[in-house]
$ cat entry.cif   # mmCIF, C-alpha atoms
data_final
#
loop_
_atom_site.label_atom_id
_atom_site.label_comp_id
_atom_site.auth_asym_id
_atom_site.auth_seq_id
_atom_site.Cartn_x
_atom_site.Cartn_y
_atom_site.Cartn_z
CA MET A 1289 0.00 0.00 0.00
CA LYS A 1290 1.63 3.21 -1.22
CA SER A 1291 -0.02 5.42 1.42
CA PHE A 1292 1.11 3.26 4.34
CA LYS A 1293 3.29 5.99 5.92
CA GLY A 1294 0.40 8.42 5.94
CA ILE A 1295 -2.06 5.84 7.26
CA LEU A 1296 0.43 4.82 9.95
CA PHE A 1297 0.84 8.48 10.94
CA ILE A 1298 -2.93 8.87 11.40
CA ILE A 1299 -3.19 5.63 13.39
CA ILE A 1300 -0.31 6.58 15.69
CA ILE A 1301 -1.72 10.05 16.41
CA MET A 1302 -5.27 8.83 17.05
CA CYS A 1303 -4.15 5.86 19.16
CA SER A 1304 -1.83 8.14 21.16
CA SER A 1305 -4.79 10.42 21.89
CA ALA A 1306 -6.98 7.51 23.05
CA PHE A 1307 -4.13 6.06 25.15
CA LEU A 1308 -3.29 9.33 26.89
CA TRP A 1309 -6.93 10.16 27.69
CA TYR A 1310 -7.57 6.65 28.96
CA PHE A 1311 -4.63 6.60 31.37
CA ALA A 1312 -4.76 10.25 32.46
CA LYS A 1313 -5.86 11.05 36.00
CA PRO A 1314 -8.87 13.35 36.37
CA ILE A 1315 -8.96 16.22 38.86
CA ALA A 1316 -11.42 14.17 40.94
CA PRO A 1317 -12.88 10.67 40.49
CA ILE A 1318 -15.41 10.58 37.63
CA HIS A 1319 -17.96 8.10 36.34
CA VAL A 1320 -16.72 5.61 33.72
CA LEU A 1321 -19.20 7.05 31.22
CA ASN A 1322 -17.74 10.50 31.78
CA LYS A 1323 -14.25 9.09 31.23
CA LEU A 1324 -15.38 7.54 27.94
CA SER A 1325 -17.01 10.81 26.92
CA HIS A 1326 -13.76 12.70 27.56
CA MET A 1327 -11.76 10.19 25.55
CA ILE A 1328 -14.13 10.51 22.60
CA ALA A 1329 -13.96 14.30 22.82
CA GLY A 1330 -10.17 14.00 22.76
CA LEU A 1331 -10.38 11.86 19.61
CA ALA A 1332 -12.66 14.47 18.00
CA ILE A 1333 -10.30 17.38 18.67
CA THR A 1334 -7.28 15.28 17.63
CA GLY A 1335 -9.07 14.31 14.42
CA PHE A 1336 -9.71 17.96 13.59
CA PHE A 1337 -6.03 18.71 14.25
CA LEU A 1338 -5.19 16.15 11.55
CA VAL A 1339 -7.82 17.61 9.22
CA PHE A 1340 -6.17 21.04 9.36
CA LEU A 1341 -2.65 19.62 9.13
CA LEU A 1342 -3.50 17.61 6.00
CA SER A 1343 -4.94 20.72 4.35
CA THR A 1344 -1.57 22.51 4.33
CA ARG A 1345 -0.19 20.61 1.28
CA ILE A 1346 3.16 20.13 3.01
CA LYS A 1347 5.48 18.15 0.76
CA ILE A 1348 6.45 15.54 3.33
CA ILE A 1349 2.78 14.77 3.99
CA GLU A 1350 2.16 14.45 0.24
CA ARG A 1351 5.01 11.92 0.08
CA TRP A 1352 3.66 9.95 3.05
CA PHE A 1353 0.29 9.59 1.32
CA HIS A 1354 1.77 9.19 -2.17
CA GLY A 1355 0.06 12.23 -3.62
CA LEU A 1356 -2.48 14.94 -2.77
CA GLU A 1357 -5.19 12.76 -4.30
CA HIS A 1358 -4.89 10.41 -1.32
CA VAL A 1359 -4.28 13.21 1.22
CA TYR A 1360 -7.67 14.73 0.35
CA VAL A 1361 -9.43 11.38 0.75
CA TYR A 1362 -8.16 10.97 4.33
CA HIS A 1363 -8.76 14.68 4.99
CA LYS A 1364 -12.42 14.24 4.04
CA TYR A 1365 -13.07 11.08 6.04
CA LEU A 1366 -11.17 12.34 9.09
CA ALA A 1367 -13.47 15.38 9.11
CA ILE A 1368 -16.54 13.13 9.00
CA LEU A 1369 -15.13 10.79 11.68
CA SER A 1370 -14.24 13.72 13.94
CA LEU A 1371 -17.74 15.13 13.55
CA VAL A 1372 -19.19 11.76 14.56
CA PHE A 1373 -16.93 11.75 17.64
CA ALA A 1374 -18.05 15.27 18.56
CA ILE A 1375 -21.74 14.35 18.31
CA LEU A 1376 -21.18 11.11 20.23
CA HIS A 1377 -19.37 13.03 22.97
CA GLY A 1378 -22.32 15.39 23.35
CA GLN A 1379 -24.80 12.53 23.62
CA LEU A 1380 -22.67 10.57 26.09
CA GLN A 1381 -22.19 13.62 28.30
CA LYS A 1382 -25.95 13.91 28.74
CA MET A 1383 -26.03 10.31 29.98
CA VAL A 1384 -23.43 10.84 32.72
CA PRO A 1385 -25.12 10.45 36.16
CA ASN A 1386 -25.43 13.69 38.13
CA TRP A 1387 -23.71 15.68 35.39
CA ASP A 1388 -25.93 18.70 36.08
CA LYS A 1389 -24.86 18.68 39.72
CA VAL A 1390 -21.20 19.34 38.91
CA GLN A 1391 -20.04 22.63 40.43
CA LYS A 1392 -20.54 25.36 37.86
CA THR A 1393 -18.38 28.41 37.25
CA PRO A 1394 -18.61 31.14 34.61
CA PHE A 1395 -15.79 29.37 32.74
CA THR A 1396 -17.50 25.97 32.72
CA GLU A 1397 -20.86 27.43 31.69
CA LEU A 1398 -19.26 29.36 28.84
CA ALA A 1399 -17.26 26.28 27.86
CA LYS A 1400 -20.45 24.21 27.74
CA ASN A 1401 -22.12 26.77 25.46
CA PHE A 1402 -19.02 26.95 23.27
CA GLY A 1403 -19.08 23.17 22.98
CA GLU A 1404 -22.62 23.27 21.59
CA ILE A 1405 -21.69 26.09 19.20
CA ALA A 1406 -18.68 24.08 18.00
CA GLN A 1407 -20.78 20.97 17.45
CA TYR A 1408 -23.45 22.76 15.42
CA GLY A 1409 -20.78 24.69 13.53
CA PHE A 1410 -18.98 21.50 12.55
CA ILE A 1411 -22.25 19.88 11.48
CA ALA A 1412 -23.14 22.80 9.22
CA LEU A 1413 -19.70 23.45 7.73
CA ILE A 1414 -18.93 19.78 7.05
CA LEU A 1415 -22.31 18.46 5.92
CA ILE A 1416 -23.39 21.43 3.76
CA PRO A 1417 -20.36 21.25 1.38
CA LEU A 1418 -20.49 17.45 1.49
CA PHE A 1419 -24.00 17.26 0.10
CA ALA A 1420 -24.43 20.61 -1.64
CA LYS A 1421 -23.19 19.78 -5.14
CA PHE A 1422 -24.58 23.10 -6.37
CA LEU A 1423 -21.98 25.16 -4.47
CA LYS A 1424 -19.57 27.18 -6.54
CA TYR A 1425 -15.89 26.48 -5.94
CA GLU A 1426 -15.20 29.88 -4.34
CA HIS A 1427 -18.19 29.44 -1.99
CA TRP A 1428 -17.01 25.96 -1.07
CA ARG A 1429 -13.54 27.36 -0.25
CA ILE A 1430 -15.01 30.03 2.05
CA ILE A 1431 -17.20 27.54 3.92
CA HIS A 1432 -14.27 25.13 4.22
CA ARG A 1433 -12.02 27.76 5.77
CA LEU A 1434 -14.65 28.78 8.30
CA LEU A 1435 -14.04 25.44 10.07
CA VAL A 1436 -11.39 27.21 12.14
CA ILE A 1437 -14.18 29.02 14.03
CA PRO A 1438 -15.91 25.95 15.52
CA TYR A 1439 -12.44 24.45 16.04
CA ALA A 1440 -11.50 27.42 18.24
CA PHE A 1441 -14.77 27.09 20.19
CA GLY A 1442 -14.14 23.36 20.52
CA LEU A 1443 -10.66 23.92 21.94
CA TYR A 1444 -12.03 26.32 24.55
CA HIS A 1445 -14.68 23.76 25.44
CA VAL A 1446 -12.09 21.00 25.84
CA TYR A 1447 -9.82 23.07 28.07
CA PHE A 1448 -12.39 24.69 30.35
CA SER A 1449 -15.09 22.05 30.69
CA SER A 1450 -12.76 19.06 31.07
CA ARG A 1451 -12.49 17.13 34.32
CA TYR A 1452 -8.76 16.85 33.55
CA ASP A 1453 -6.28 19.65 34.14
CA LEU A 1454 -4.98 20.11 30.61
CA LEU A 1455 -2.94 23.18 31.56
CA GLN A 1456 -0.45 21.08 33.52
CA PRO A 1457 2.69 19.65 31.78
CA THR A 1458 1.41 16.08 31.96
CA PRO A 1459 1.71 13.77 28.91
CA LEU A 1460 -1.95 14.48 28.08
CA GLY A 1461 -1.50 18.22 28.66
CA ILE A 1462 1.58 18.38 26.42
CA PHE A 1463 -0.06 16.28 23.68
CA THR A 1464 -3.26 18.35 23.72
CA ALA A 1465 -1.35 21.65 23.70
CA SER A 1466 0.90 20.49 20.86
CA THR A 1467 -1.86 19.20 18.60
CA ALA A 1468 -4.13 22.17 19.35
CA THR A 1469 -1.34 24.64 18.54
CA ILE A 1470 -0.30 22.89 15.34
CA GLY A 1471 -3.92 22.44 14.25
CA PHE A 1472 -4.85 26.07 14.88
CA MET A 1473 -1.66 27.39 13.27
CA SER A 1474 -2.25 25.15 10.23
CA ALA A 1475 -5.72 26.65 9.83
CA LEU A 1476 -4.40 30.21 10.20
CA TYR A 1477 -1.56 29.45 7.77
CA MET A 1478 -4.02 28.37 5.07
CA LEU A 1479 -6.18 31.42 5.79
CA THR A 1480 -3.52 34.11 5.89
CA MET A 1481 -0.07 33.00 4.70
CA TYR A 1482 -0.35 30.10 2.28
CA GLN A 1483 -0.95 32.11 -0.89
CA ASP A 1484 1.80 34.63 -0.09
CA MET A 1485 4.42 32.10 1.02
CA ARG A 1486 3.94 29.18 -1.35
CA PHE A 1487 3.34 30.86 -4.72
CA LYS A 1488 6.97 31.77 -5.29
CA HIS A 1489 7.08 31.05 -9.02
CA THR A 1490 5.70 34.03 -10.89
CA GLY A 1491 5.48 34.88 -14.57
CA LYS A 1492 2.99 35.75 -17.27
CA ILE A 1493 0.92 34.20 -20.04
CA THR A 1494 2.91 34.34 -23.28
CA GLY A 1495 0.82 32.07 -25.46
CA ILE A 1496 -2.88 31.26 -25.93
CA ARG A 1497 -4.07 28.53 -28.28
CA LYS A 1498 -7.65 27.35 -28.70
CA ILE A 1499 -7.43 23.59 -29.17
CA ALA A 1500 -11.15 22.74 -28.85
CA PRO A 1501 -14.42 24.64 -28.55
CA SER A 1502 -14.24 24.26 -24.77
CA ALA A 1503 -10.48 23.97 -24.17
CA VAL A 1504 -7.60 26.41 -24.30
CA GLU A 1505 -3.85 25.84 -24.04
CA LEU A 1506 -1.83 28.45 -22.15
CA GLN A 1507 1.92 28.90 -22.35
CA LEU A 1508 3.32 30.27 -19.08
CA THR A 1509 6.74 31.91 -19.06
CA LEU A 1510 8.18 31.91 -15.55
CA ASP A 1511 10.70 34.26 -13.96
CA ASN A 1512 12.50 31.28 -12.44
CA LYS A 1513 12.70 27.75 -13.79
CA LEU A 1514 10.33 25.24 -12.21
CA PRO A 1515 11.75 21.73 -11.76
CA TYR A 1516 9.02 19.18 -12.39
CA ARG A 1517 8.47 15.60 -13.51
CA HIS A 1518 6.28 14.65 -16.45
CA GLY A 1519 2.80 13.78 -15.19
CA GLN A 1520 2.75 16.33 -12.37
CA PHE A 1521 0.35 19.24 -11.82
CA ILE A 1522 0.51 22.74 -10.38
CA PHE A 1523 -1.82 25.17 -8.61
CA LEU A 1524 -2.26 28.23 -10.82
CA LYS A 1525 -3.34 31.76 -9.89
CA ILE A 1526 -4.29 34.14 -12.70
CA PHE A 1527 -4.27 37.88 -11.92
CA GLN A 1528 -6.74 39.24 -14.45
CA GLU A 1529 -9.74 41.41 -13.74
CA GLY A 1530 -12.92 39.39 -13.88
CA LEU A 1531 -11.20 36.13 -12.99
CA GLU A 1532 -11.09 34.63 -9.52
CA GLU A 1533 -7.57 34.77 -8.04
CA ALA A 1534 -7.99 31.55 -6.04
CA PRO A 1535 -5.55 28.81 -7.08
CA HIS A 1536 -6.81 25.97 -9.27
CA PRO A 1537 -5.01 22.71 -10.12
CA PHE A 1538 -3.92 21.97 -13.70
CA SER A 1539 -1.67 19.29 -15.12
CA ILE A 1540 1.45 20.34 -17.02
CA THR A 1541 0.98 19.42 -20.68
CA ALA A 1542 4.47 20.30 -21.90
CA GLY A 1543 7.43 22.58 -21.27
CA ASP A 1544 11.04 22.86 -20.16
CA GLY A 1545 10.49 24.40 -16.72
CA GLN A 1546 11.13 27.98 -17.86
CA LYS A 1547 8.14 27.78 -20.16
CA ILE A 1548 5.34 25.38 -19.26
CA VAL A 1549 2.05 24.63 -20.95
CA VAL A 1550 -1.26 23.89 -19.24
CA THR A 1551 -4.53 22.88 -20.87
CA ILE A 1552 -7.71 24.30 -19.34
CA LYS A 1553 -11.07 22.81 -20.20
CA ALA A 1554 -14.33 24.65 -19.44
CA LEU A 1555 -15.65 22.45 -16.63
CA GLY A 1556 -16.75 25.08 -14.09
CA ASP A 1557 -17.33 28.79 -13.62
CA PHE A 1558 -13.64 29.69 -13.38
CA THR A 1559 -12.47 27.54 -16.30
CA LYS A 1560 -15.34 28.76 -18.49
CA LYS A 1561 -14.26 32.36 -17.88
CA VAL A 1562 -10.62 31.50 -18.60
CA ASN A 1563 -11.62 29.96 -21.93
CA THR A 1564 -13.45 33.11 -23.02
CA MET A 1565 -11.62 35.98 -21.27
CA ILE A 1566 -7.94 35.09 -20.89
CA GLN A 1567 -5.47 37.64 -22.25
CA LEU A 1568 -1.78 37.64 -23.19
CA ASN A 1569 0.77 39.02 -20.71
CA THR A 1570 -1.57 38.40 -17.77
CA PRO A 1571 0.50 37.92 -14.58
CA ILE A 1572 0.34 34.48 -12.99
CA ALA A 1573 1.77 32.67 -9.97
CA ILE A 1574 2.11 28.94 -9.46
CA GLU A 1575 2.72 26.54 -6.60
CA GLY A 1576 3.92 22.98 -6.85
CA PRO A 1577 4.56 20.71 -8.57
CA TYR A 1578 2.51 17.86 -7.12
CA GLY A 1579 1.58 14.39 -8.27
CA TYR A 1580 2.90 10.85 -8.39
CA LEU A 1581 2.15 9.74 -11.93
CA ASN A 1582 5.78 8.75 -12.45
CA PHE A 1583 5.87 7.06 -15.85
CA GLU A 1584 9.65 6.70 -15.84
CA ALA A 1585 9.48 4.63 -12.63
CA GLY A 1586 6.80 2.33 -14.06
CA GLN A 1587 7.27 -1.10 -15.59
CA GLN A 1588 8.42 -1.59 -19.17
CA GLN A 1589 4.84 -2.62 -20.00
CA GLN A 1590 2.33 0.15 -19.25
CA LEU A 1591 -1.43 0.61 -19.60
CA TRP A 1592 -2.69 4.20 -19.72
CA ILE A 1593 -6.31 5.29 -19.26
CA ALA A 1594 -7.39 8.90 -19.70
CA GLY A 1595 -10.78 10.62 -19.62
CA GLY A 1596 -11.37 13.99 -21.27
CA VAL A 1597 -8.83 16.59 -20.14
CA GLY A 1598 -7.21 13.81 -18.10
CA ILE A 1599 -5.03 13.18 -21.13
CA THR A 1600 -2.82 16.17 -20.24
CA PRO A 1601 -0.31 14.48 -17.85
CA PHE A 1602 0.25 11.77 -20.45
CA LEU A 1603 0.90 14.36 -23.15
CA SER A 1604 3.63 15.87 -20.98
CA TYR A 1605 5.53 12.58 -21.11
CA LEU A 1606 4.90 11.87 -24.80
CA THR A 1607 5.99 15.33 -25.97
CA SER A 1608 9.24 15.19 -23.96
CA ALA A 1609 10.95 12.41 -25.95
CA PRO A 1610 10.14 9.24 -27.92
CA SER A 1611 8.97 6.56 -25.51
CA THR A 1612 10.95 3.33 -25.25
CA GLN A 1613 8.38 1.69 -22.95
CA ASN A 1614 5.56 -0.41 -24.34
CA ILE A 1615 2.44 1.70 -23.80
CA GLU A 1616 -1.19 1.11 -24.68
CA LEU A 1617 -3.44 4.13 -24.16
CA PHE A 1618 -7.22 4.09 -23.84
CA TYR A 1619 -8.48 7.65 -24.28
CA SER A 1620 -12.18 8.12 -23.50
CA TYR A 1621 -14.07 11.33 -24.25
CA ARG A 1622 -17.64 12.47 -24.80
CA GLY A 1623 -17.89 13.87 -28.32
CA GLN A 1624 -15.24 15.60 -30.38
CA ASP A 1625 -15.59 18.81 -28.37
CA ASP A 1626 -14.33 16.88 -25.33
CA ALA A 1627 -11.34 15.36 -27.14
CA ILE A 1628 -7.88 16.93 -26.91
CA HIS A 1629 -4.89 16.33 -29.20
CA THR A 1630 -6.30 13.16 -30.80
CA GLU A 1631 -4.40 13.90 -34.04
CA PHE A 1632 -1.13 14.14 -32.11
CA LEU A 1633 -1.83 10.81 -30.40
CA GLN A 1634 -2.61 9.08 -33.69
CA ASP A 1635 0.53 10.49 -35.36
CA TYR A 1636 2.62 9.49 -32.35
CA ALA A 1637 1.30 5.93 -32.59
CA LYS A 1638 2.15 5.78 -36.30
CA ASN A 1639 5.73 6.88 -35.68
CA ASN A 1640 6.45 4.87 -32.51
CA GLU A 1641 6.10 1.11 -32.53
CA HIS A 1642 6.08 1.02 -28.72
CA PHE A 1643 2.89 3.11 -28.48
CA LYS A 1644 -0.69 2.10 -29.25
CA VAL A 1645 -3.73 4.36 -28.84
CA ASN A 1646 -7.42 3.49 -28.58
CA LEU A 1647 -9.82 6.41 -29.00
CA ILE A 1648 -13.24 5.90 -27.41
CA ASP A 1649 -15.94 8.46 -28.18
CA THR A 1650 -18.71 7.55 -25.72
CA THR A 1651 -21.31 9.34 -27.85
CA GLN A 1652 -20.62 6.79 -30.58
CA MET A 1653 -19.31 3.77 -28.65
CA ASP A 1654 -19.93 1.88 -25.42
CA ARG A 1655 -18.08 2.97 -22.29
CA LEU A 1656 -14.85 1.26 -21.42
CA CYS A 1657 -15.05 -1.67 -19.03
CA PHE A 1658 -12.11 -3.50 -17.48
CA ALA A 1659 -14.08 -5.90 -15.28
CA ASP A 1660 -12.88 -8.90 -17.30
CA TYR A 1661 -9.55 -7.42 -18.35
CA SER A 1662 -6.57 -9.54 -17.38
CA VAL A 1663 -3.60 -7.31 -16.66
CA PRO A 1664 -0.38 -8.86 -18.00
CA ALA A 1665 2.35 -9.56 -15.47
CA HIS A 1666 4.81 -6.73 -14.75
CA THR A 1667 2.46 -4.04 -16.06
CA SER A 1668 2.00 -0.58 -14.55
CA ILE A 1669 -1.40 1.08 -14.90
CA PHE A 1670 -1.72 4.86 -14.96
CA MET A 1671 -5.11 6.62 -14.93
CA CYS A 1672 -6.24 10.24 -14.94
CA GLY A 1673 -9.74 11.60 -15.37
CA PRO A 1674 -13.01 12.35 -13.58
CA GLU A 1675 -13.26 10.88 -10.09
CA LYS A 1676 -16.15 8.53 -10.87
CA MET A 1677 -14.35 7.09 -13.89
CA VAL A 1678 -11.09 6.55 -12.04
CA LYS A 1679 -12.79 4.89 -9.07
CA ARG A 1680 -14.86 2.64 -11.32
CA TYR A 1681 -11.84 1.38 -13.26
CA ALA A 1682 -9.73 1.00 -10.11
CA LYS A 1683 -12.42 -1.23 -8.61
CA GLN A 1684 -12.61 -3.28 -11.80
CA PHE A 1685 -8.86 -3.82 -11.96
CA LYS A 1686 -8.56 -4.73 -8.29
CA SER A 1687 -11.43 -7.22 -8.45
CA HIS A 1688 -9.32 -9.60 -10.58
CA ASN A 1689 -5.79 -8.33 -10.00
CA ARG A 1690 -5.11 -7.72 -6.28
CA ASP A 1691 -1.44 -6.90 -6.65
CA VAL A 1692 -1.84 -4.67 -9.70
CA ASP A 1693 0.53 -1.69 -9.92
CA LEU A 1694 -2.16 1.00 -10.03
CA ASN A 1695 -1.38 4.73 -10.16
CA TYR A 1696 -4.06 7.38 -10.62
CA GLU A 1697 -5.23 10.94 -10.12
CA ALA A 1698 -8.76 12.32 -10.29
CA PHE A 1699 -10.10 15.82 -10.91
CA LYS A 1700 -12.10 16.31 -7.75
CA PHE A 1701 -10.35 18.45 -5.11
CA ARG A 1702 -13.24 19.11 -2.73
#
$ encode --input "entry.cif" --output "structure tokens"
Amino acid sequence: MKSFKGILFIIIIMCSSAFLWYFAKPIAPIHVLNKLSHMIAGLAITGFFLVFLLSTRIKIIERWFHGLEHVYVYHKYLAILSLVFAILHGQLQKMVPNWDKVQKTPFTELAKNFGEIAQYGFIALILIPLFAKFLKYEHWRIIHRLLVIPYAFGLYHVYFSSRYDLLQPTPLGIFTASTATIGFMSALYMLTMYQDMRFKHTGKITGIRKIAPSAVELQLTLDNKLPYRHGQFIFLKIFQEGLEEAPHPFSITAGDGQKIVVTIKALGDFTKKVNTMIQLNTPIAIEGPYGYLNFEAGQQQQLWIAGGVGITPFLSYLTSAPSTQNIELFYSYRGQDDAIHTEFLQDYAKNNEHFKVNLIDTTQMDRLCFADYSVPAHTSIFMCGPEKMVKRYAKQFKSHNRDVDLNYEAFKFR
């Protein structure tokens, strides 16, 4: 499992939290149900610490999880799990015998109220984006970043309503202080410093080429050379009036590091505006690169699967040099307007005996299915495309080939 370091990191942190809460000594003897409630609350606040830490896109974390694609999966499910823990804590606390008879102070009353605010805040800010498919990307980003508010209320609740003295330098006190500080600073970093600190590569748009009715190819000339590997992607900010300045991820289609090319397909509000409004010499800034579609490290025999604009990371590799690996590409798209560089792929196949391309127009042909596909031994599979497509094919491959060398990236970053 390529994400084992990241999974192990999560397990160690969560188990450490449970262990420390279980063996910590309360200020005064408490009911076993109250002890369990505290431990679950500790798991909730520790889970949210991990949620904020995983959102920072730190390189070492990306390596542990073998790509941001997998980081975001664990980020999402940790948020849901932490929310479940928070709700469970609230329900258990109401079941503790004589809980209402505990001596009350202004701090404990305020902490109790803050705990309820935190719980409802987490419910709203996690569940609304999770189920509201209609949200625009910029609205989703705003809601996502507001999670720091219930997190702050939750931390106050943990510290001032707890039957444990978390302000003392005990193992539990040190662990809670450390995770709370790192979690809160991670959230503030993404809110206030990320875009200023991480987007160090600046430049401008020096080329615009319309390659399809709904796709445009941009050449970016950078002030400083960007080292990258074929198959990787960047986060791009475009500073043009009328366009949102928030960073969006795009695969690198070609380039030498000083000049790089990205292909942008009109899939959402931002990309639709880019396709119709983008202008030459517009300033840009990029952050990255990210991604683990490492074709050079794959087996001699490779199977490629691309959907729509998901062909772009593969083009980066093909345009760099003639391939000496044996590659069969399945490129699926919906209508000619969705297809990108099909002529290049066909010409490449004619001139390179190691490369074979299969073009699948789903408006004219059946969808691809690999349920009965037997992957040859020593074959690496690389996939890029819409999330549903990638997940469907991954499931099909794994159903008959448990040890398959499967590498993929999907479009969804929410």
$ closest_residue --input "entry.cif" --among "A:Thr1630, A:Ser1668, A:Ser1662, A:Ser1608" --to "A:Gln1590" --atoms "all atoms listed in the file"
A:Ser1668
$ residues_around --input "entry.cif" --residues "stretch 1512-1514 of chain A" --least-positions-apart "3" --cutoff "7 Å" --atoms "all atoms listed in the file" --output "MDAnalysis selection string"
chainID A and resid 1489 1545:1546
$ write_last_selection --input "entry.cif" --atoms "C-alpha atoms" --output "PDB file, in the frame of the given file"
ATOM      1  CA  HIS A1489       7.080  31.050  -9.020  1.00  0.00           C
ATOM      2  CA  GLY A1545      10.490  24.400 -16.720  1.00  0.00           C
ATOM      3  CA  GLN A1546      11.130  27.980 -17.860  1.00  0.00           C
TER       4      GLN A1546
END
$ atom_distance --input "entry.cif" --atom1 "atom CA of A:Ile1499" --atom2 "atom CA of A:Thr1551"
8.8 Å
$ closest_residue --input "entry.cif" --among "A:Asn1582, A:Ser1449, A:Asn1640, A:Thr1650" --to "A:Gly1595" --atoms "only C-alpha atoms"
A:Thr1650
$ residues_around --input "entry.cif" --residues "A:Val1692" --least-positions-apart "2" --cutoff "12 Å" --atoms "only C-alpha atoms" --output "VMD selection string"
chain A and resid 1289 1586 to 1587 1590 to 1591 1661 to 1670 1682 to 1690 1694 to 1695
$ resolve_selection --input "entry.cif" --expression "the PyMOL selection byres ((chain A and resi 1479) around 12)" --output "short mmCIF file (atom, residue, chain, number, x, y, z; two decimals) with C-alpha atoms, in the frame of the given file"
data_model
loop_
_atom_site.label_atom_id
_atom_site.label_comp_id
_atom_site.auth_asym_id
_atom_site.auth_seq_id
_atom_site.Cartn_x
_atom_site.Cartn_y
_atom_site.Cartn_z
CA PHE A 1340 -6.17 21.04 9.36
CA SER A 1343 -4.94 20.72 4.35
CA THR A 1344 -1.57 22.51 4.33
CA ARG A 1429 -13.54 27.36 -0.25
CA ILE A 1430 -15.01 30.03 2.05
CA ILE A 1431 -17.20 27.54 3.92
CA HIS A 1432 -14.27 25.13 4.22
CA ARG A 1433 -12.02 27.76 5.77
CA LEU A 1434 -14.65 28.78 8.30
CA LEU A 1435 -14.04 25.44 10.07
CA VAL A 1436 -11.39 27.21 12.14
CA ILE A 1437 -14.18 29.02 14.03
CA PHE A 1472 -4.85 26.07 14.88
CA MET A 1473 -1.66 27.39 13.27
CA SER A 1474 -2.25 25.15 10.23
CA ALA A 1475 -5.72 26.65 9.83
CA LEU A 1476 -4.40 30.21 10.20
CA TYR A 1477 -1.56 29.45 7.77
CA MET A 1478 -4.02 28.37 5.07
CA THR A 1480 -3.52 34.11 5.89
CA MET A 1481 -0.07 33.00 4.70
CA TYR A 1482 -0.35 30.10 2.28
CA GLN A 1483 -0.95 32.11 -0.89
CA ASP A 1484 1.80 34.63 -0.09
CA MET A 1485 4.42 32.10 1.02
CA ALA A 1534 -7.99 31.55 -6.04
#
$ closest_residue --input "entry.cif" --among "A:Ile1349, A:Met1383, A:Ile1375, A:Leu1443" --to "A:Phe1336" --atoms "all atoms listed in the file"
A:Leu1443
$ resolve_selection --input "entry.cif" --expression "the PyMOL selection byres ((chain A and resi 1381) around 12)" --output "mmCIF file with C-alpha atoms, keeping the file's coordinate frame"
data_model
loop_
_atom_site.group_PDB
_atom_site.id
_atom_site.type_symbol
_atom_site.label_atom_id
_atom_site.label_comp_id
_atom_site.auth_asym_id
_atom_site.auth_seq_id
_atom_site.Cartn_x
_atom_site.Cartn_y
_atom_site.Cartn_z
ATOM 1 C CA ILE A 1318 -15.410 10.580 37.630
ATOM 2 C CA HIS A 1319 -17.960 8.100 36.340
ATOM 3 C CA VAL A 1320 -16.720 5.610 33.720
ATOM 4 C CA LEU A 1321 -19.200 7.050 31.220
ATOM 5 C CA ASN A 1322 -17.740 10.500 31.780
ATOM 6 C CA LYS A 1323 -14.250 9.090 31.230
ATOM 7 C CA LEU A 1324 -15.380 7.540 27.940
ATOM 8 C CA SER A 1325 -17.010 10.810 26.920
ATOM 9 C CA HIS A 1326 -13.760 12.700 27.560
ATOM 10 C CA MET A 1327 -11.760 10.190 25.550
ATOM 11 C CA ILE A 1328 -14.130 10.510 22.600
ATOM 12 C CA ALA A 1329 -13.960 14.300 22.820
ATOM 13 C CA ALA A 1374 -18.050 15.270 18.560
ATOM 14 C CA ILE A 1375 -21.740 14.350 18.310
ATOM 15 C CA LEU A 1376 -21.180 11.110 20.230
ATOM 16 C CA HIS A 1377 -19.370 13.030 22.970
ATOM 17 C CA GLY A 1378 -22.320 15.390 23.350
ATOM 18 C CA GLN A 1379 -24.800 12.530 23.620
ATOM 19 C CA LEU A 1380 -22.670 10.570 26.090
ATOM 20 C CA LYS A 1382 -25.950 13.910 28.740
ATOM 21 C CA MET A 1383 -26.030 10.310 29.980
ATOM 22 C CA VAL A 1384 -23.430 10.840 32.720
ATOM 23 C CA PRO A 1385 -25.120 10.450 36.160
ATOM 24 C CA ASN A 1386 -25.430 13.690 38.130
ATOM 25 C CA TRP A 1387 -23.710 15.680 35.390
ATOM 26 C CA ASP A 1388 -25.930 18.700 36.080
ATOM 27 C CA LYS A 1400 -20.450 24.210 27.740
ATOM 28 C CA GLY A 1403 -19.080 23.170 22.980
ATOM 29 C CA GLU A 1404 -22.620 23.270 21.590
ATOM 30 C CA SER A 1449 -15.090 22.050 30.690
ATOM 31 C CA SER A 1450 -12.760 19.060 31.070
ATOM 32 C CA ARG A 1451 -12.490 17.130 34.320
#
$ residues_around --input "entry.cif" --residues "A:Pro1438" --least-positions-apart "4" --cutoff "7 Å" --atoms "all atoms listed in the file" --output "list in words"
Ile1405, Ala1406, Gly1409, Phe1410 and Gly1442 of chain A
$ resolve_selection --input "entry.cif" --expression "the PyMOL selection byres ((chain A and resi 1573) around 6)" --output "list in words"
Phe1487, His1489, Thr1490, Lys1525, Ile1572 and Ile1574 of chain A
$ residues_around --input "entry.cif" --residues "A:Pro1577" --least-positions-apart "2" --cutoff "8 Å" --atoms "only C-alpha atoms" --output "PyMOL selection string"
chain A and resi 1515-1516+1520-1523+1575+1579
$ closest_residue --input "entry.cif" --among "A:Leu1454, A:Ile1346, A:Val1359, A:Ala1659" --to "A:Pro1314" --atoms "only C-alpha atoms"
A:Leu1454
$ closest_residue --input "entry.cif" --among "A:Pro1459, A:Gly1543, A:Pro1501, A:Gly1673" --to "A:His1518" --atoms "only C-alpha atoms"
A:Gly1543
$ atom_distance --input "entry.cif" --atom1 "atom CA of A:Gly1596" --atom2 "atom CA of A:Cys1657"
16.2 Å
